[in-house]
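Participant: Input: one structure, supplied below.
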There are 2 protein chains.
Amino acid sequence: MILEQILREKGSEVYSVAESATLKEAAELLDARKVGAMVILGESGAIIGVFSERDLVRAIARMGAAALKSTVADSMSRQVVTARLGDTIEQTMDRMTDRRIRHLPVVEGGRLAGVISIGDLVKWRIAEASAEVAAIRSYIQP
Amino acid sequence: MILEQILREKGSEVYSVAESATLKEAAELLDARKVGAMVILGESGAIIGVFSERDLVRAIARMGAAALKSTVADSMSRQVVTARLGDTIEQTMDRMTDRRIRHLPVVEGGRLAGVISIGDLVKWRIAEASAEVAAIRSYIQP
């Protein structure tokens, strides 16, 4: 099972935020969209950063109220770990637990194809494992 | 596989915060401990709330800078979903994806026994599924 299949089912809607937005505005967007992270796109459409709930927590811990007037560009993670459409669920899960990240942009040909969350992978991995066990069981007792 | 086994391996360290702490202090604790949520314990040692990164985002979205001087008691989730030591991984995973929560306090006899994250469950469920498939395979081809 590869990421392309998950995105096909889940849809490729991606929530982005401008790097010039303030953290107050970014918090409003995260809250309204009920998501944990948003991507920041450059002029060419390439990903230049990711801004997550955790980035907001860190900025507030370090700057206090001043953080809310600072911009997304100041706090976003610029070292963005990405996946490709052909990556497997297991591969991707390993990378996410390794790096302790919960959202992974999927990029193909330099363009953003969607975002995969750890929750998406859990759901699909369970379905995949159950199907595998069922197939082997029916092979033993047809 | 039940939660008790995960906690035995992982340890039962639990990060708590006082309900009188300000959100600025709570952000500093989340950041320093590198966790996504903390529990709030009442005088009897029972859980009276959970405060997560998402609660902080919501408070800032709605109150702005004033949120940072408000207390954890004002923004914590009081409807705490908990698990028991004897609950299975699958049961717990279903509840977490259902309710869209990432941290679940494990309670036994009215006392907090530990906290399980969706990441813990993922790691263990993968190990469990792999072991199951391996066992069935070795049954087919001993």
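The chains in the structure tokens are called A, B, ... from first to last as shown; in each chain the residues are counted from 1, and the ligands are counted from 1 in the order shown.
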Residues of chain B in strand (DSSP E) according to DSSP, as a list in words?

Facilitator: Ala37, Met38, Val39, Ile40, Leu41, Ile47, Ile48, Gly49, Val50, Phe51, Ser52, His103, Leu104, Pro105, Val106, Val107, Glu108, Arg111, Leu112, Ala113, Gly114, Val115, Ile116 and Ser117 of chain B

Participant: Report as a tab-separated table: every residue of chain B with an atom at most 10 Å from chain A, its closest pair of atoms, and their distance in Å to one decimal, counting only C-alpha atoms, with rows sorted by chain and ascending residue number.

Facilitator:
```
residue	atom	partner	partner_atom	distance
B:Leu23	CA	A:Ile60	CA	9.3
B:Lys24	CA	A:Ala61	CA	6.4
B:Glu25	CA	A:Ala61	CA	7.5
B:Ala26	CA	A:Ala61	CA	8.3
B:Ala27	CA	A:Ala61	CA	5.1
B:Glu28	CA	A:Ala61	CA	4.4
B:Leu29	CA	A:Ala61	CA	8.1
B:Leu30	CA	A:Val57	CA	7.4
B:Asp31	CA	A:Arg58	CA	5.6
B:Ala32	CA	A:Ala61	CA	8.7
B:Lys34	CA	A:Arg54	CA	9.0
B:Val35	CA	A:Arg54	CA	9.1
B:Gly36	CA	A:Arg54	CA	7.7
B:Ser52	CA	A:Glu53	CA	9.8
B:Glu53	CA	A:Glu53	CA	6.2
B:Arg54	CA	A:Glu53	CA	6.8
B:Asp55	CA	A:Asp31	CA	9.4
B:Leu56	CA	A:Val57	CA	7.6
B:Val57	CA	A:Ala27	CA	5.5
B:Arg58	CA	A:Asp31	CA	5.6
B:Ala59	CA	A:Ala27	CA	8.9
B:Ile60	CA	A:Ala27	CA	6.5
B:Ala61	CA	A:Glu28	CA	4.4
B:Arg62	CA	A:Glu28	CA	7.5
B:Met63	CA	A:Lys24	CA	9.6
B:Gly64	CA	A:Lys24	CA	6.6
B:Ala65	CA	A:Ala65	CA	5.5
B:Ala66	CA	A:Ala65	CA	8.4
B:Ala67	CA	A:Ala65	CA	9.1
B:Leu68	CA	A:Ala65	CA	7.0
B:Lys69	CA	A:Ala65	CA	9.3
B:Glu90	CA	A:Ile126	CA	8.9
B:Met93	CA	A:Val122	CA	8.6
B:Asp94	CA	A:Lys123	CA	8.9
B:Met96	CA	A:Gly119	CA	9.3
B:Thr97	CA	A:Gly119	CA	7.0
B:Arg100	CA	A:Gly119	CA	8.6
B:Ile101	CA	A:Gly119	CA	9.8
B:Arg102	CA	A:Gly119	CA	9.1
B:Ile118	CA	A:Gly119	CA	8.1
B:Gly119	CA	A:Thr97	CA	6.9
B:Asp120	CA	A:Thr97	CA	9.2
B:Leu121	CA	A:Val122	CA	9.1
B:Val122	CA	A:Val122	CA	6.4
B:Lys123	CA	A:Thr97	CA	7.9
B:Arg125	CA	A:Ile126	CA	8.0
B:Ile126	CA	A:Arg125	CA	8.0
B:Glu128	CA	A:Ala129	CA	9.8
B:Ala129	CA	A:Ala129	CA	6.2
B:Ser130	CA	A:Ala129	CA	8.1
B:Glu132	CA	A:Val133	CA	7.6
B:Val133	CA	A:Val133	CA	6.2
B:Ala134	CA	A:Val133	CA	9.9
B:Ile136	CA	A:Ile136	CA	7.3
B:Arg137	CA	A:Ile136	CA	7.8
B:Tyr139	CA	A:Ile140	CA	9.1
B:Ile140	CA	A:Ile140	CA	7.2
```

Participant: Any idea what the distance is between CA of Met38 in chain B and CA of Ser77 in chain B?

Facilitator: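 Interatomic distance here is 10.7 Å.
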
Participant: Provide the CA of Leu41 in chain A to CA of Ala37 in chain B distance in Å, to one decimal place.

Facilitator: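 These two atoms are separated by 29.0 Å.
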
Participant: Work out how far apart CA of Thr88 in chain B and CA of Gly109 in chain B are and give it in Å to one decimal.

Facilitator: 17.8 Å

Participant: May I have the residues within 6 Å of range 10-19 of chain A as a short mmCIF file (atom, residue, chain, number, x, y, z; two decimals) with all heavy atoms, in the first residue's frame, using only C-alpha atoms and disregarding those fewer than 5 positions away in the same chain?

Facilitator:
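The resulting part06.cif:
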```
data_model
loop_
_atom_site.label_atom_id
_atom_site.label_comp_id
_atom_site.auth_asym_id
_atom_site.auth_seq_id
_atom_site.Cartn_x
_atom_site.Cartn_y
_atom_site.Cartn_z
N MET A 38 0.07 23.45 9.10
CA MET A 38 -0.21 24.03 7.78
C MET A 38 1.11 24.18 7.05
O MET A 38 2.16 24.35 7.67
CB MET A 38 -0.86 25.41 7.95
CG MET A 38 -2.15 25.36 8.76
SD MET A 38 -2.97 26.98 8.98
CE MET A 38 -1.85 27.77 10.16
N VAL A 39 1.07 24.12 5.70
CA VAL A 39 2.30 24.29 4.94
C VAL A 39 2.42 25.73 4.47
O VAL A 39 1.43 26.45 4.37
CB VAL A 39 2.35 23.34 3.70
CG1 VAL A 39 2.36 21.90 4.15
CG2 VAL A 39 1.22 23.63 2.76
N ILE A 40 3.65 26.14 4.20
CA ILE A 40 3.90 27.47 3.67
C ILE A 40 4.50 27.26 2.27
O ILE A 40 5.49 26.54 2.11
CB ILE A 40 4.88 28.26 4.57
CG1 ILE A 40 4.24 28.51 5.93
CG2 ILE A 40 5.22 29.61 3.93
CD1 ILE A 40 4.53 27.46 6.96
N VAL A 72 4.79 33.97 10.85
CA VAL A 72 4.98 32.54 10.61
C VAL A 72 6.41 32.27 10.13
O VAL A 72 7.03 31.29 10.52
CB VAL A 72 3.93 32.04 9.59
CG1 VAL A 72 4.31 30.68 9.02
CG2 VAL A 72 2.55 32.00 10.24
N ALA A 73 6.92 33.18 9.30
CA ALA A 73 8.29 33.01 8.76
C ALA A 73 9.33 32.89 9.88
O ALA A 73 10.33 32.20 9.73
CB ALA A 73 8.64 34.17 7.84
N GLY A 114 -0.32 16.55 -1.39
CA GLY A 114 -1.22 16.33 -0.26
C GLY A 114 -0.43 16.25 1.03
O GLY A 114 0.79 16.38 1.02
#
```

Participant: Using only C-alpha atoms, find the one residue out of B:Ala131, B:His103, B:Leu85, B:Asp98 that sits nearest to Leu7 in chain B.

Facilitator: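 The answer is B:Leu85, which sits nearest to Leu7 in chain B.
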
Participant: When DSSP works through the backbone of this structure, what residues of chain B end up as alpha helix (DSSP H), shown as a count of residues only?

Facilitator: 68

Participant: Which one is closest to Gly86 in chain B: B:Leu3, B:Ile116, B:Ala135, B:Ile47? Count only C-alpha atoms.

Facilitator: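 Closest to Gly86 in chain B of all the choices is B:Leu3.
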
Participant: Which residues, written as a list in words, have at least one atom at most 8 Å from Leu104 in chain A, with only C-alpha atoms counted and residues fewer than 4 positions away on the same chain left out?

Facilitator: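 Selected residues are Val81, Thr82, Ala83, Met96, Val115, Ile116 and Ser117 of chain A.
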
Participant: Which is closer to Ile2 in chain B than all the others in B:Met76, B:Val50, B:Ile89, B:Ala21, using only C-alpha atoms?

Facilitator: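 For Ile2 in chain B, the nearest of the given residues is B:Ile89.
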